[in-house]
Amino acid sequence: MTWTEETDEWTSLLRHPRSKESRWGPRYTVAVMGCLGLVVEYCQRVNLSVAIVAMAGTLGSNYTEVIEECPNNDNTTTTTVSPVYRGEFNWDKEIQGVVLGAFFWGYATTNIIGGRASEYLGGKMVFGMGIITSSFLSLISPFCARASVGVFVACRVLLGAAQGVTFPAINTMLATWVVPVERSKFSTIVYSGFQLGSVVGMTASGWLAASDFLGGWPSAFYVFGVAGLVWGVAWCACVYDRPEDHPRIPYRDLRMLRQHQDSVKSAEVVAIPWRAIVTSLPFWAVMAVTAGNDYCFYTLLTGMPTYLGDVQHIDLANNGLLSALPYLLMWAWGVGWAVLMDGLAKGGHISIVTVRRLSMAVALYGPMCGLVGMVFVRCNPVLAVTLLCVSVMLSGAVNSGHMCSHQDLAPNLAGTLLGTTNTLGAVAGIASSTITGIILQENAAVWGWRQVFLISIAFYLISCTLYVVFISADVQPWNDVNFAGRDEDEDSEGPIDTHYLPDEGEED
């Protein structure tokens, strides 16, 4: 079946007169609850990026004053001593880099485990437990920070490990609940949670850290920890692992999901054909773009509050708001882009692989051009914020791009594939925080940040080019249940499918 025939088939089902009876189907509940889960998760992840300005202050090592090129409220380049803010902890830039990067050490260890666990145990359990555990660790974070920097780093590592299972788990659920032609739309609904979480987390963390509520900066950890536990109760009550498990799913929704069995995730657990995966060029294209995108995204996510505070001298309360603004624009752009791509794909105007390539070209080449402009920004906070907003905004198209590629290539292994690529992305996050910390320890002024931006530009260029050239949207042969057995020249007897699907003639 060609992509146009497949698109016509899905469109006819989606536009069937009786489909209006289930306009809000259970798959929308899964998507919205998944989105809210990622909102909470990212609030717990990014709050430190803003809170660390209040925790460590703007002093250098051993409480020395920091020399900056940009004076306060002036666009001249005269070297001056910037106003200092004494934080609770004596952490220099290198220690701050280690603290910010600790999350990714844990995050890198559990992605593959989370993907495989979700294929065996179900995405609902793995996704829910990951965020509930992360919420508990967020609640105890202030106590760990005051115990010692080592204890706080260990807490952030564990928080990263808890969140490492969540993206593979929700990707497994999307491969189960969403038909191929709707992947751009539903993936955008779910993954927009990390953009909204960045907005809410940075904005609220800036206000909380600058206030006296629950002691100031600790409230940024308490508030989001409690929010995660509340979300966990709703997730357990409202969401089901598979369409067949839902007691009230409309028959038409279930029939639509089983209509094209080679593109919808099987109920069977597929053995991992590692030899075929590691020799697959489309998979390596996804790996490359994940490394490049994540390195640059985490550079901006964790470094933007520090840049705006240390270089452009934006005060703490406004820092969180301005750091969050690009991610609000990113969310709006990502949703609008997904609507456009969804309409073009359903209308048969462009193929699925064209959607993926075009989305990633906008999402990576666009920010690359924005960072080229940042290289030439010195002491101009308005221009700096504008360029950062445009750069981060355009990257919102990733939700219609490589975030769907794991489901395109192998829906039966969507969790494992995303876990593998996300592990590499976590390593990129570690490298991003570490390299940025080392560079800024030597020079925290304009020239130091110029080096940070130049490295990100190179990552954007190389990774996006590899993806555009080598990516595919076709289901790969190694997605088949029995492929691993053939690959290893062993007899393979797949597990019995115990899930029930009604015959076509049955009604709800």
# chains A, B, ... in the order shown; residues from 1 in each chain; ligands from 1

$ residues_around --residues "Gly216 in chain A" --least-positions-apart "3" --cutoff "12 Å" --atoms "only C-alpha atoms" --output "JSON, numbers by chain"
{"A": [50, 51, 52, 53, 54, 55, 87, 88, 142, 204, 205, 206, 207, 208, 209, 210, 211, 212, 213, 219, 220, 221, 222, 223, 316, 317]}

$ residues_around --residues "range 24-39 of chain A" --least-positions-apart "4" --cutoff "6 Å" --atoms "only C-alpha atoms" --output "PyMOL selection string"
chain A and resi 177+190+193-194+196-197

$ write_last_selection --atoms "N, CA and C atoms" --output "PDB file, in the first residue's frame"
ATOM      1  N   TRP A 177      -1.881   3.872  20.563  1.00  0.00           N
ATOM      2  CA  TRP A 177      -3.149   4.590  20.544  1.00  0.00           C
ATOM      3  C   TRP A 177      -3.374   5.450  19.305  1.00  0.00           C
ATOM      4  N   VAL A 190       1.155  15.736  22.927  1.00  0.00           N
ATOM      5  CA  VAL A 190       1.858  15.169  24.078  1.00  0.00           C
ATOM      6  C   VAL A 190       3.174  15.894  24.342  1.00  0.00           C
ATOM      7  N   GLY A 193       4.046  19.247  26.000  1.00  0.00           N
ATOM      8  CA  GLY A 193       4.148  19.336  27.449  1.00  0.00           C
ATOM      9  C   GLY A 193       5.510  19.800  27.926  1.00  0.00           C
ATOM     10  N   PHE A 194       6.575  19.404  27.223  1.00  0.00           N
ATOM     11  CA  PHE A 194       7.892  19.854  27.691  1.00  0.00           C
ATOM     12  C   PHE A 194       8.114  21.328  27.381  1.00  0.00           C
ATOM     13  N   LEU A 196       5.475  23.636  27.348  1.00  0.00           N
ATOM     14  CA  LEU A 196       4.651  24.304  28.347  1.00  0.00           C
ATOM     15  C   LEU A 196       5.272  24.171  29.734  1.00  0.00           C
ATOM     16  N   GLY A 197       5.876  23.014  30.009  1.00  0.00           N
ATOM     17  CA  GLY A 197       6.546  22.833  31.293  1.00  0.00           C
ATOM     18  C   GLY A 197       7.715  23.778  31.462  1.00  0.00           C
TER      19      GLY A 197
END

$ closest_residue --among "A:Ser351, A:Thr109, A:Ser49, A:Ser391" --to "Gly201 in chain A" --atoms "only C-alpha atoms"
A:Ser49

$ atom_distance --atom1 "CA of Asp342 in chain A" --atom2 "CA of Leu301 in chain A"
28.0 Å

$ closest_atom_pairs --of "range 91-197 of chain A" --to "range 402-423 of chain A" --cutoff "9 Å" --atoms "only C-alpha atoms" --output "CSV"
residue,atom,partner,partner_atom,distance
A:Tyr107,CA,A:Thr423,CA,7.3
A:Ala108,CA,A:Thr423,CA,4.6
A:Thr109,CA,A:Thr423,CA,7.0
A:Thr110,CA,A:Thr423,CA,7.7
A:Asn111,CA,A:Gly419,CA,4.2
A:Ile112,CA,A:Gly419,CA,4.2
A:Ile113,CA,A:Gly419,CA,7.3
A:Gly114,CA,A:Gly419,CA,6.7
A:Gly115,CA,A:Gly415,CA,4.0
A:Arg116,CA,A:Thr416,CA,5.4
A:Ala117,CA,A:Gly415,CA,8.6
A:Ser118,CA,A:Gly415,CA,6.8
A:Glu119,CA,A:Gly415,CA,6.8
A:Gly123,CA,A:Gly415,CA,8.6
A:Gly164,CA,A:Gly419,CA,8.1
A:Val165,CA,A:Gly419,CA,7.6
A:Phe167,CA,A:Leu418,CA,7.4
A:Pro168,CA,A:Gly415,CA,4.3
A:Ala169,CA,A:Gly415,CA,5.9
A:Ile170,CA,A:Gly415,CA,7.8
A:Asn171,CA,A:Gly415,CA,5.6
A:Thr172,CA,A:Gly415,CA,4.7
A:Met173,CA,A:Gly415,CA,8.4
A:Leu174,CA,A:Gln407,CA,8.1
A:Ala175,CA,A:Pro411,CA,5.4
A:Thr176,CA,A:Pro411,CA,7.8
A:Pro180,CA,A:Asp408,CA,7.4
A:Arg183,CA,A:Cys404,CA,6.5
A:Ser184,CA,A:Cys404,CA,6.8
A:Ser187,CA,A:Cys404,CA,6.8
A:Thr188,CA,A:Met403,CA,8.8
A:Tyr191,CA,A:Met403,CA,8.3

$ write_last_selection --atoms "C-alpha atoms" --output "tab-separated table (two decimals), in the first residue's frame"
chain	number	residue	atom	x	y	z
A	107	TYR	CA	18.66	10.44	32.81
A	108	ALA	CA	21.14	8.61	30.57
A	109	THR	CA	20.97	5.37	32.58
A	110	THR	CA	17.26	4.54	32.41
A	111	ASN	CA	15.98	5.44	28.94
A	112	ILE	CA	16.58	2.04	27.37
A	113	ILE	CA	15.35	0.31	30.51
A	114	GLY	CA	12.23	2.47	30.46
A	115	GLY	CA	11.54	1.69	26.82
A	116	ARG	CA	11.83	-2.06	27.28
A	117	ALA	CA	9.94	-2.02	30.58
A	118	SER	CA	7.06	-0.15	28.97
A	119	GLU	CA	6.85	-2.77	26.21
A	123	GLY	CA	3.50	2.48	29.28
A	164	GLY	CA	14.51	8.89	32.04
A	165	VAL	CA	11.81	6.23	31.70
A	167	PHE	CA	9.60	9.62	27.20
A	168	PRO	CA	10.08	6.00	26.02
A	169	ALA	CA	6.98	4.97	27.97
A	170	ILE	CA	4.68	7.63	26.51
A	171	ASN	CA	6.12	6.92	23.05
A	172	THR	CA	5.10	3.28	23.46
A	173	MET	CA	1.57	4.40	24.31
A	174	LEU	CA	1.42	6.72	21.30
A	175	ALA	CA	2.44	3.87	18.99
A	176	THR	CA	-0.48	1.90	20.47
A	180	PRO	CA	0.16	6.80	11.43
A	183	ARG	CA	1.12	11.01	14.55
A	184	SER	CA	2.18	14.61	13.93
A	187	SER	CA	2.80	13.67	19.17
A	188	THR	CA	2.62	17.46	19.20
A	191	TYR	CA	5.35	16.55	23.53

$ residues_around --residues "Tyr467 in chain A" --least-positions-apart "6" --cutoff "10 Å" --atoms "only C-alpha atoms" --output "list in words"
Leu281, Pro282, Phe283, Trp284, Ala285, Val286, Met287, Ala288, Val289, Thr290, Arg356, Arg357, Met360, Ala361, Gly401 and His402 of chain A

$ write_last_selection --atoms "N, CA, C and O atoms" --output "PDB file, in the first residue's frame"
ATOM      1  N   LEU A 281      20.463   2.851   8.409  1.00  0.00           N
ATOM      2  CA  LEU A 281      20.786   4.270   8.203  1.00  0.00           C
ATOM      3  C   LEU A 281      19.690   5.207   8.717  1.00  0.00           C
ATOM      4  O   LEU A 281      20.008   6.237   9.334  1.00  0.00           O
ATOM      5  N   PRO A 282      18.395   4.903   8.508  1.00  0.00           N
ATOM      6  CA  PRO A 282      17.377   5.795   9.068  1.00  0.00           C
ATOM      7  C   PRO A 282      17.464   5.905  10.589  1.00  0.00           C
ATOM      8  O   PRO A 282      17.251   6.981  11.150  1.00  0.00           O
ATOM      9  N   PHE A 283      17.793   4.795  11.262  1.00  0.00           N
ATOM     10  CA  PHE A 283      17.926   4.855  12.716  1.00  0.00           C
ATOM     11  C   PHE A 283      19.102   5.729  13.123  1.00  0.00           C
ATOM     12  O   PHE A 283      19.010   6.527  14.071  1.00  0.00           O
ATOM     13  N   TRP A 284      20.220   5.622  12.400  1.00  0.00           N
ATOM     14  CA  TRP A 284      21.368   6.462  12.720  1.00  0.00           C
ATOM     15  C   TRP A 284      21.081   7.934  12.426  1.00  0.00           C
ATOM     16  O   TRP A 284      21.629   8.824  13.084  1.00  0.00           O
ATOM     17  N   ALA A 285      20.222   8.177  11.445  1.00  0.00           N
ATOM     18  CA  ALA A 285      19.809   9.558  11.191  1.00  0.00           C
ATOM     19  C   ALA A 285      19.067  10.134  12.392  1.00  0.00           C
ATOM     20  O   ALA A 285      19.276  11.295  12.785  1.00  0.00           O
ATOM     21  N   VAL A 286      18.199   9.317  13.001  1.00  0.00           N
ATOM     22  CA  VAL A 286      17.481   9.749  14.199  1.00  0.00           C
ATOM     23  C   VAL A 286      18.458   9.946  15.360  1.00  0.00           C
ATOM     24  O   VAL A 286      18.336  10.897  16.139  1.00  0.00           O
ATOM     25  N   MET A 287      19.423   9.053  15.484  1.00  0.00           N
ATOM     26  CA  MET A 287      20.428   9.190  16.541  1.00  0.00           C
ATOM     27  C   MET A 287      21.204  10.499  16.396  1.00  0.00           C
ATOM     28  O   MET A 287      21.415  11.236  17.370  1.00  0.00           O
ATOM     29  N   ALA A 288      21.620  10.797  15.170  1.00  0.00           N
ATOM     30  CA  ALA A 288      22.410  12.007  14.932  1.00  0.00           C
ATOM     31  C   ALA A 288      21.625  13.266  15.269  1.00  0.00           C
ATOM     32  O   ALA A 288      22.129  14.176  15.946  1.00  0.00           O
ATOM     33  N   VAL A 289      20.376  13.326  14.805  1.00  0.00           N
ATOM     34  CA  VAL A 289      19.599  14.543  15.027  1.00  0.00           C
ATOM     35  C   VAL A 289      19.208  14.673  16.500  1.00  0.00           C
ATOM     36  O   VAL A 289      19.081  15.788  17.020  1.00  0.00           O
ATOM     37  N   THR A 290      19.039  13.553  17.196  1.00  0.00           N
ATOM     38  CA  THR A 290      18.747  13.616  18.626  1.00  0.00           C
ATOM     39  C   THR A 290      19.926  14.203  19.387  1.00  0.00           C
ATOM     40  O   THR A 290      19.751  15.062  20.268  1.00  0.00           O
ATOM     41  N   ARG A 356       8.499  14.937   7.862  1.00  0.00           N
ATOM     42  CA  ARG A 356       9.610  14.786   8.810  1.00  0.00           C
ATOM     43  C   ARG A 356      10.811  15.663   8.408  1.00  0.00           C
ATOM     44  O   ARG A 356      11.399  16.353   9.234  1.00  0.00           O
ATOM     45  N   ARG A 357      11.174  15.629   7.137  1.00  0.00           N
ATOM     46  CA  ARG A 357      12.342  16.393   6.683  1.00  0.00           C
ATOM     47  C   ARG A 357      12.112  17.896   6.796  1.00  0.00           C
ATOM     48  O   ARG A 357      12.978  18.641   7.285  1.00  0.00           O
ATOM     49  N   MET A 360      12.150  19.082  10.516  1.00  0.00           N
ATOM     50  CA  MET A 360      13.467  19.164  11.145  1.00  0.00           C
ATOM     51  C   MET A 360      14.329  20.241  10.531  1.00  0.00           C
ATOM     52  O   MET A 360      15.178  20.845  11.215  1.00  0.00           O
ATOM     53  N   ALA A 361      14.155  20.518   9.243  1.00  0.00           N
ATOM     54  CA  ALA A 361      14.899  21.614   8.626  1.00  0.00           C
ATOM     55  C   ALA A 361      14.534  22.944   9.282  1.00  0.00           C
ATOM     56  O   ALA A 361      15.404  23.766   9.597  1.00  0.00           O
ATOM     57  N   GLY A 401       8.613  16.169  13.612  1.00  0.00           N
ATOM     58  CA  GLY A 401       9.776  15.622  12.924  1.00  0.00           C
ATOM     59  C   GLY A 401      10.301  14.354  13.571  1.00  0.00           C
ATOM     60  O   GLY A 401       9.625  13.325  13.591  1.00  0.00           O
ATOM     61  N   HIS A 402      11.502  14.431  14.151  1.00  0.00           N
ATOM     62  CA  HIS A 402      12.152  13.210  14.614  1.00  0.00           C
ATOM     63  C   HIS A 402      11.466  12.585  15.822  1.00  0.00           C
ATOM     64  O   HIS A 402      11.669  11.408  16.107  1.00  0.00           O
TER      65      HIS A 402
END

$ atom_distance --atom1 "CA of Ala291 in chain A" --atom2 "CA of Ala363 in chain A"
13.9 Å

$ residues_around --residues "Gln163 in chain A" --least-positions-apart "5" --cutoff "8 Å" --atoms "only C-alpha atoms" --output "list in words"
Glu41, Tyr107, Gly130, Ile131 and Ser134 of chain A

$ decode --residues "range 209-222 of chain A" --atoms "all heavy atoms" --output "PDB file, in the first residue's frame"
ATOM      1  N   ALA A 209      11.320  32.023  43.516  1.00  0.00           N
ATOM      2  CA  ALA A 209      12.667  32.221  44.051  1.00  0.00           C
ATOM      3  C   ALA A 209      12.887  33.649  44.520  1.00  0.00           C
ATOM      4  O   ALA A 209      13.665  33.898  45.447  1.00  0.00           O
ATOM      5  CB  ALA A 209      13.713  31.846  42.999  1.00  0.00           C
ATOM      6  N   ALA A 210      12.184  34.603  43.898  1.00  0.00           N
ATOM      7  CA  ALA A 210      12.333  36.010  44.286  1.00  0.00           C
ATOM      8  C   ALA A 210      11.392  36.400  45.424  1.00  0.00           C
ATOM      9  O   ALA A 210      11.469  37.524  45.929  1.00  0.00           O
ATOM     10  CB  ALA A 210      12.072  36.910  43.081  1.00  0.00           C
ATOM     11  N   SER A 211      10.508  35.481  45.834  1.00  0.00           N
ATOM     12  CA  SER A 211       9.530  35.777  46.878  1.00  0.00           C
ATOM     13  C   SER A 211      10.003  35.220  48.218  1.00  0.00           C
ATOM     14  O   SER A 211      11.066  34.621  48.331  1.00  0.00           O
ATOM     15  CB  SER A 211       8.176  35.158  46.515  1.00  0.00           C
ATOM     16  OG  SER A 211       8.224  33.744  46.657  1.00  0.00           O
ATOM     17  N   ASP A 212       9.175  35.429  49.237  1.00  0.00           N
ATOM     18  CA  ASP A 212       9.441  34.869  50.564  1.00  0.00           C
ATOM     19  C   ASP A 212       8.589  33.634  50.833  1.00  0.00           C
ATOM     20  O   ASP A 212       8.594  33.107  51.947  1.00  0.00           O
ATOM     21  CB  ASP A 212       9.152  35.929  51.640  1.00  0.00           C
ATOM     22  CG  ASP A 212      10.097  37.125  51.540  1.00  0.00           C
ATOM     23  OD1 ASP A 212      11.263  36.909  51.162  1.00  0.00           O
ATOM     24  OD2 ASP A 212       9.654  38.254  51.817  1.00  0.00           O
ATOM     25  N   PHE A 213       7.847  33.160  49.829  1.00  0.00           N
ATOM     26  CA  PHE A 213       6.947  32.030  50.007  1.00  0.00           C
ATOM     27  C   PHE A 213       7.740  30.752  50.274  1.00  0.00           C
ATOM     28  O   PHE A 213       8.605  30.359  49.481  1.00  0.00           O
ATOM     29  CB  PHE A 213       6.081  31.862  48.758  1.00  0.00           C
ATOM     30  CG  PHE A 213       5.123  30.709  48.819  1.00  0.00           C
ATOM     31  CD1 PHE A 213       4.086  30.701  49.736  1.00  0.00           C
ATOM     32  CD2 PHE A 213       5.259  29.628  47.958  1.00  0.00           C
ATOM     33  CE1 PHE A 213       3.194  29.633  49.799  1.00  0.00           C
ATOM     34  CE2 PHE A 213       4.371  28.562  48.008  1.00  0.00           C
ATOM     35  CZ  PHE A 213       3.336  28.564  48.938  1.00  0.00           C
ATOM     36  N   LEU A 214       7.496  30.115  51.422  1.00  0.00           N
ATOM     37  CA  LEU A 214       8.180  28.880  51.822  1.00  0.00           C
ATOM     38  C   LEU A 214       9.701  29.007  51.754  1.00  0.00           C
ATOM     39  O   LEU A 214      10.405  28.052  51.404  1.00  0.00           O
ATOM     40  CB  LEU A 214       7.711  27.706  50.948  1.00  0.00           C
ATOM     41  CG  LEU A 214       6.222  27.320  51.062  1.00  0.00           C
ATOM     42  CD1 LEU A 214       5.900  26.191  50.094  1.00  0.00           C
ATOM     43  CD2 LEU A 214       5.874  26.918  52.481  1.00  0.00           C
ATOM     44  N   GLY A 215      10.191  30.189  52.041  1.00  0.00           N
ATOM     45  CA  GLY A 215      11.636  30.393  52.096  1.00  0.00           C
ATOM     46  C   GLY A 215      12.282  30.812  50.795  1.00  0.00           C
ATOM     47  O   GLY A 215      13.505  30.838  50.689  1.00  0.00           O
ATOM     48  N   GLY A 216      11.484  31.152  49.783  1.00  0.00           N
ATOM     49  CA  GLY A 216      12.061  31.615  48.515  1.00  0.00           C
ATOM     50  C   GLY A 216      12.347  30.485  47.559  1.00  0.00           C
ATOM     51  O   GLY A 216      11.429  29.761  47.125  1.00  0.00           O
ATOM     52  N   TRP A 217      13.616  30.257  47.201  1.00  0.00           N
ATOM     53  CA  TRP A 217      13.957  29.271  46.181  1.00  0.00           C
ATOM     54  C   TRP A 217      13.485  27.849  46.509  1.00  0.00           C
ATOM     55  O   TRP A 217      13.137  27.099  45.583  1.00  0.00           O
ATOM     56  CB  TRP A 217      15.464  29.279  45.892  1.00  0.00           C
ATOM     57  CG  TRP A 217      16.345  28.862  47.027  1.00  0.00           C
ATOM     58  CD1 TRP A 217      17.000  29.664  47.908  1.00  0.00           C
ATOM     59  CD2 TRP A 217      16.671  27.516  47.406  1.00  0.00           C
ATOM     60  NE1 TRP A 217      17.700  28.921  48.819  1.00  0.00           N
ATOM     61  CE2 TRP A 217      17.528  27.589  48.529  1.00  0.00           C
ATOM     62  CE3 TRP A 217      16.331  26.263  46.910  1.00  0.00           C
ATOM     63  CZ2 TRP A 217      18.035  26.463  49.166  1.00  0.00           C
ATOM     64  CZ3 TRP A 217      16.834  25.124  47.544  1.00  0.00           C
ATOM     65  CH2 TRP A 217      17.678  25.243  48.657  1.00  0.00           C
ATOM     66  N   PRO A 218      13.420  27.409  47.798  1.00  0.00           N
ATOM     67  CA  PRO A 218      12.928  26.043  48.027  1.00  0.00           C
ATOM     68  C   PRO A 218      11.492  25.822  47.546  1.00  0.00           C
ATOM     69  O   PRO A 218      11.117  24.699  47.202  1.00  0.00           O
ATOM     70  CB  PRO A 218      13.017  25.890  49.560  1.00  0.00           C
ATOM     71  CG  PRO A 218      14.086  26.845  49.974  1.00  0.00           C
ATOM     72  CD  PRO A 218      13.915  28.015  49.055  1.00  0.00           C
ATOM     73  N   SER A 219      10.691  26.889  47.506  1.00  0.00           N
ATOM     74  CA  SER A 219       9.298  26.733  47.082  1.00  0.00           C
ATOM     75  C   SER A 219       9.191  26.271  45.635  1.00  0.00           C
ATOM     76  O   SER A 219       8.199  25.653  45.241  1.00  0.00           O
ATOM     77  CB  SER A 219       8.537  28.044  47.269  1.00  0.00           C
ATOM     78  OG  SER A 219       9.083  29.077  46.462  1.00  0.00           O
ATOM     79  N   ALA A 220      10.199  26.553  44.807  1.00  0.00           N
ATOM     80  CA  ALA A 220      10.193  26.105  43.409  1.00  0.00           C
ATOM     81  C   ALA A 220      10.244  24.583  43.327  1.00  0.00           C
ATOM     82  O   ALA A 220       9.782  23.992  42.346  1.00  0.00           O
ATOM     83  CB  ALA A 220      11.371  26.712  42.655  1.00  0.00           C
ATOM     84  N   PHE A 221      10.799  23.942  44.347  1.00  0.00           N
ATOM     85  CA  PHE A 221      10.849  22.481  44.380  1.00  0.00           C
ATOM     86  C   PHE A 221       9.598  21.901  45.056  1.00  0.00           C
ATOM     87  O   PHE A 221       9.070  20.893  44.616  1.00  0.00           O
ATOM     88  CB  PHE A 221      12.109  22.017  45.119  1.00  0.00           C
ATOM     89  CG  PHE A 221      13.382  22.427  44.440  1.00  0.00           C
ATOM     90  CD1 PHE A 221      14.020  23.616  44.775  1.00  0.00           C
ATOM     91  CD2 PHE A 221      13.952  21.628  43.464  1.00  0.00           C
ATOM     92  CE1 PHE A 221      15.195  24.007  44.153  1.00  0.00           C
ATOM     93  CE2 PHE A 221      15.128  21.994  42.834  1.00  0.00           C
ATOM     94  CZ  PHE A 221      15.752  23.193  43.179  1.00  0.00           C
ATOM     95  N   TYR A 222       9.123  22.577  46.117  1.00  0.00           N
ATOM     96  CA  TYR A 222       7.952  22.068  46.836  1.00  0.00           C
ATOM     97  C   TYR A 222       6.692  22.098  45.970  1.00  0.00           C
ATOM     98  O   TYR A 222       5.939  21.133  45.910  1.00  0.00           O
ATOM     99  CB  TYR A 222       7.706  22.901  48.096  1.00  0.00           C
ATOM    100  CG  TYR A 222       8.810  22.865  49.119  1.00  0.00           C
ATOM    101  CD1 TYR A 222       9.123  23.987  49.881  1.00  0.00           C
ATOM    102  CD2 TYR A 222       9.554  21.698  49.350  1.00  0.00           C
ATOM    103  CE1 TYR A 222      10.133  23.968  50.836  1.00  0.00           C
ATOM    104  CE2 TYR A 222      10.574  21.673  50.295  1.00  0.00           C
ATOM    105  CZ  TYR A 222      10.851  22.805  51.029  1.00  0.00           C
ATOM    106  OH  TYR A 222      11.852  22.781  51.972  1.00  0.00           O
TER     107      TYR A 222
END
